[in-house]
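What follows is a set of notes on a single structure, which appears directly below.
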Amino acid sequence: MSRPFVLWLIWQNERTRQRYHVGNLVHHEGKYMFYYEKHAKRRGVIEALKNGYHLHLAFPDVNKVYVSERLFGPFERRLPDRRRPDFQEILRAHGLSDDYTNMDLLRATVGRLATDTYEFVPPIYVYGNEFDFDFYIAGWRYYEGERVLDRLQVGDDVTLQLEPTNEKDPKAVVVLTKQGEKLGYVPAFYSEFMFRLIDESGGTYKANIQFIHPNANPQLKVNVYVHGTLTPTMKKLQRDMVHDMELVVTV
């Protein structure tokens, strides 16, 4: 059985700037599925609804699993128009070949529109005792990223460090260069996983810069890839934080 292709749907509260993992888009064995993320104890759809979120108009039932043979229209409209003169340039910029899928393109471009506060991001994948995920550095425009951008290179190691004094989020995780310059943060919908890995479980990880897009919007400038090993303690905790891949297959 092939592994499902999963993307998390993220919603941002425009007033507080806080992001929430509100839903899951899955492509598996020729079918697309969408359902709301009700299992997350932190920053899921339940918490989002308490903080100003309204269910997507195309998916009004929080308990339903929506299934389609094609990518859902509201999500397909988020893809770049193939008739654009610069479409091939978009593919090259994101490292996509001509045999890309809609999910590949949605993942690469994050599906963000100027008219709303949704975006798509990859999940944290857990396989055996290992995990991996990648993310664009959050808060890039507010810290030292632009000053050191010319020095950064693909493959550079970065450090993920806890910031317990952060008043807005005591589980915040900072992204630092090897020289200690603050580039920004791990996005909040990933940060509790890393917080627990570093603070509570003693798990190990390696993080390095995967992509650099100097001319992109600040939220899409630098992408970091993280790969690591889970301890038995973390394995017990991870189901509270990481999307359960078995659930994806059986919905």
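Every chain in the structure tokens has a letter given in the order shown (A, B, ...), and although residue numbers restart at 1 in each chain, ligands are simply numbered from 1 in the order shown.
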Give me, as JSON lines, the closest atom pair and its distance (Å, one decimal) for every residue of range 163-242 of chain A within a cut-off of 12 Å of range 81-99 of chain A, counting only C-alpha atoms, rows sorted by chain and rising number.
{"residue": "A:Gln210", "atom": "CA", "partner": "A:His94", "partner_atom": "CA", "distance": 11.5}
{"residue": "A:Phe211", "atom": "CA", "partner": "A:His94", "partner_atom": "CA", "distance": 8.9}
{"residue": "A:Ile212", "atom": "CA", "partner": "A:Ala93", "partner_atom": "CA", "distance": 10.2}
{"residue": "A:His213", "atom": "CA", "partner": "A:Ala93", "partner_atom": "CA", "distance": 8.3}
{"residue": "A:Pro214", "atom": "CA", "partner": "A:Ala93", "partner_atom": "CA", "distance": 11.2}
{"residue": "A:Asn215", "atom": "CA", "partner": "A:Ala93", "partner_atom": "CA", "distance": 10.8}
{"residue": "A:Ala216", "atom": "CA", "partner": "A:Ala93", "partner_atom": "CA", "distance": 10.3}
{"residue": "A:Leu220", "atom": "CA", "partner": "A:His94", "partner_atom": "CA", "distance": 11.1}
{"residue": "A:Lys221", "atom": "CA", "partner": "A:His94", "partner_atom": "CA", "distance": 11.8}
{"residue": "A:Asn223", "atom": "CA", "partner": "A:His94", "partner_atom": "CA", "distance": 11.4}
Got time to write the residues from that selection, N, CA and C atoms, as a JSON list (two decimals), in the first residue's frame?
[["chain", "number", "residue", "atom", "x", "y", "z"],
["A", 210, "GLN", "N", 17.13, 23.89, 3.51],
["A", 210, "GLN", "CA", 16.83, 23.08, 2.33],
["A", 210, "GLN", "C", 16.65, 23.92, 1.07],
["A", 211, "PHE", "N", 15.99, 25.08, 1.21],
["A", 211, "PHE", "CA", 15.77, 25.98, 0.09],
["A", 211, "PHE", "C", 15.99, 27.42, 0.54],
["A", 212, "ILE", "N", 16.45, 28.25, -0.38],
["A", 212, "ILE", "CA", 16.53, 29.69, -0.16],
["A", 212, "ILE", "C", 15.95, 30.38, -1.38],
["A", 213, "HIS", "N", 14.93, 31.22, -1.16],
["A", 213, "HIS", "CA", 14.29, 31.98, -2.24],
["A", 213, "HIS", "C", 14.44, 33.46, -1.91],
["A", 214, "PRO", "N", 15.54, 34.09, -2.33],
["A", 214, "PRO", "CA", 15.84, 35.47, -1.91],
["A", 214, "PRO", "C", 14.76, 36.48, -2.28],
["A", 215, "ASN", "N", 14.06, 36.24, -3.40],
["A", 215, "ASN", "CA", 13.10, 37.23, -3.88],
["A", 215, "ASN", "C", 11.66, 36.91, -3.49],
["A", 216, "ALA", "N", 11.46, 35.87, -2.70],
["A", 216, "ALA", "CA", 10.11, 35.47, -2.31],
["A", 216, "ALA", "C", 9.60, 36.37, -1.19],
["A", 220, "LEU", "N", 8.18, 32.93, 2.85],
["A", 220, "LEU", "CA", 8.58, 31.82, 1.98],
["A", 220, "LEU", "C", 10.05, 31.94, 1.56],
["A", 221, "LYS", "N", 10.85, 32.62, 2.35],
["A", 221, "LYS", "CA", 12.25, 32.86, 1.95],
["A", 221, "LYS", "C", 13.17, 31.68, 2.22],
["A", 223, "ASN", "N", 13.62, 27.73, 3.80],
["A", 223, "ASN", "CA", 12.98, 26.49, 4.21],
["A", 223, "ASN", "C", 14.00, 25.61, 4.92]]
**Request:** Determine, counting only C-alpha atoms, which protein, DNA and RNA residues have an atom within 8 Å of an atom of Tyr143 in chain A; residues of the same chain fewer than 4 positions away are not included. Present the result as an MDAnalysis selection string.
**Result:** chainID A and resid 139 182:184
**Item:** Residues near Asp156 in chain A, cut-off 6 Å, only C-alpha atoms, skip fewer than 3 positions along chain, as a list in words
**Value:**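 Using only C-alpha atoms, the neighbours found are Gln153, Asn208 and Ile209 of chain A.
Non-sequential neighbours of Val65 in chain A (distance at most 7 Å, separation of 2 or more positions within a chain, only C-alpha atoms) are A:Met33, A:Phe34, A:Tyr35, A:Asn63, A:Val67.
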**Request:** Going by DSSP on the backbone, which bits of range 14-113 of chain A are strand (DSSP E)? Write them as a list of chain:residue names, please.
**Result:**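 Assigned to strand (DSSP E), within range 14-113 of chain A: A:Arg19, A:Tyr20, A:His21, A:Val22, A:Gly23, A:Asn24, A:Leu25, A:Val26, A:His27, A:His28, A:Lys31, A:Tyr32, A:Met33, A:Phe34, A:Tyr35, A:Tyr36, A:Tyr66, A:Val67, A:Ser68.
Between CA of Val22 in chain A and CA of Asp116 in chain A the separation is 14.3 Å.
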**Asked** Taking into account only C-alpha atoms, which residue in the set A:Ala188, A:Ile137, A:Leu105, A:Val62 is nearest to Lys171 in chain A?
**Response**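 Checking each of A:Ala188, A:Ile137, A:Leu105, A:Val62 against Lys171 in chain A, counting only C-alpha atoms, the winner is A:Ala188.
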Selection near Glu144 in chain A, 12 Å with only C-alpha atoms, sequence-local residues under 2 positions removed, as a PDB file with C-alpha atoms, in the first residue's frame:
ATOM      1  CA  ILE A 137      10.923  30.066   8.964  1.00  0.00           C
ATOM      2  CA  GLY A 139       8.697  35.713  11.666  1.00  0.00           C
ATOM      3  CA  TRP A 140      11.513  36.127   9.145  1.00  0.00           C
ATOM      4  CA  ARG A 141      10.981  39.852   8.582  1.00  0.00           C
ATOM      5  CA  TYR A 142      11.342  40.735  12.270  1.00  0.00           C
ATOM      6  CA  GLU A 146      17.689  39.733   5.867  1.00  0.00           C
ATOM      7  CA  ARG A 147      20.991  40.958   7.282  1.00  0.00           C
ATOM      8  CA  VAL A 148      22.621  37.543   6.928  1.00  0.00           C
ATOM      9  CA  LEU A 149      20.689  36.213   3.906  1.00  0.00           C
ATOM     10  CA  ASP A 150      23.636  36.613   1.531  1.00  0.00           C
ATOM     11  CA  ARG A 151      25.726  34.389   3.819  1.00  0.00           C
ATOM     12  CA  LEU A 152      23.221  31.576   4.103  1.00  0.00           C
ATOM     13  CA  VAL A 175      15.818  29.061  14.611  1.00  0.00           C
ATOM     14  CA  LEU A 176      19.461  30.148  14.948  1.00  0.00           C
ATOM     15  CA  THR A 177      22.425  30.108  12.587  1.00  0.00           C
ATOM     16  CA  GLN A 179      26.868  31.841  14.655  1.00  0.00           C
ATOM     17  CA  GLY A 180      23.851  32.348  16.916  1.00  0.00           C
ATOM     18  CA  GLU A 181      21.924  34.829  14.747  1.00  0.00           C
ATOM     19  CA  LYS A 182      18.162  34.628  15.185  1.00  0.00           C
ATOM     20  CA  LEU A 183      16.411  33.945  11.878  1.00  0.00           C
ATOM     21  CA  GLY A 184      12.900  33.472  13.277  1.00  0.00           C
ATOM     22  CA  TYR A 185      10.817  30.619  14.652  1.00  0.00           C
TER      23      TYR A 185
END
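CA of Leu7 in chain A sits 13.5 Å away from CA of Tyr20 in chain A.
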**Message:** Taking the DSSP secondary structure from the backbone, can you list the residues of range 79-240 of chain A that are helix (DSSP H, G or I), as number ranges by chain?
**Reply:** A: 87-93, 102-109, 140-142, 145-151, 188-201, 218-220, 232-240
**Request:** Find the residue from A:Asp104, A:Glu69, A:Glu29, A:Glu119 that sits nearest to Trp8 in chain A; use only C-alpha atoms when measuring.
**Result:**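 Looking only at the distances to Trp8 in chain A, the closest residue turns out to be A:Glu119.
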**Asked** Quick one: distance from CA of Pro164 in chain A to CA of Phe193 in chain A in Å, one decimal?
**Response**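 So the two atoms, CA of Pro164 in chain A and CA of Phe193 in chain A, lie 14.7 Å apart.
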**Item:** Nearby residues (only C-alpha atoms) at most 8 Å from range 39-53 of chain A, same-chain spacing under 6 positions excluded, as a PyMOL selection string
**Value:** chain A and resi 11+13+19-23+188-189+240-241
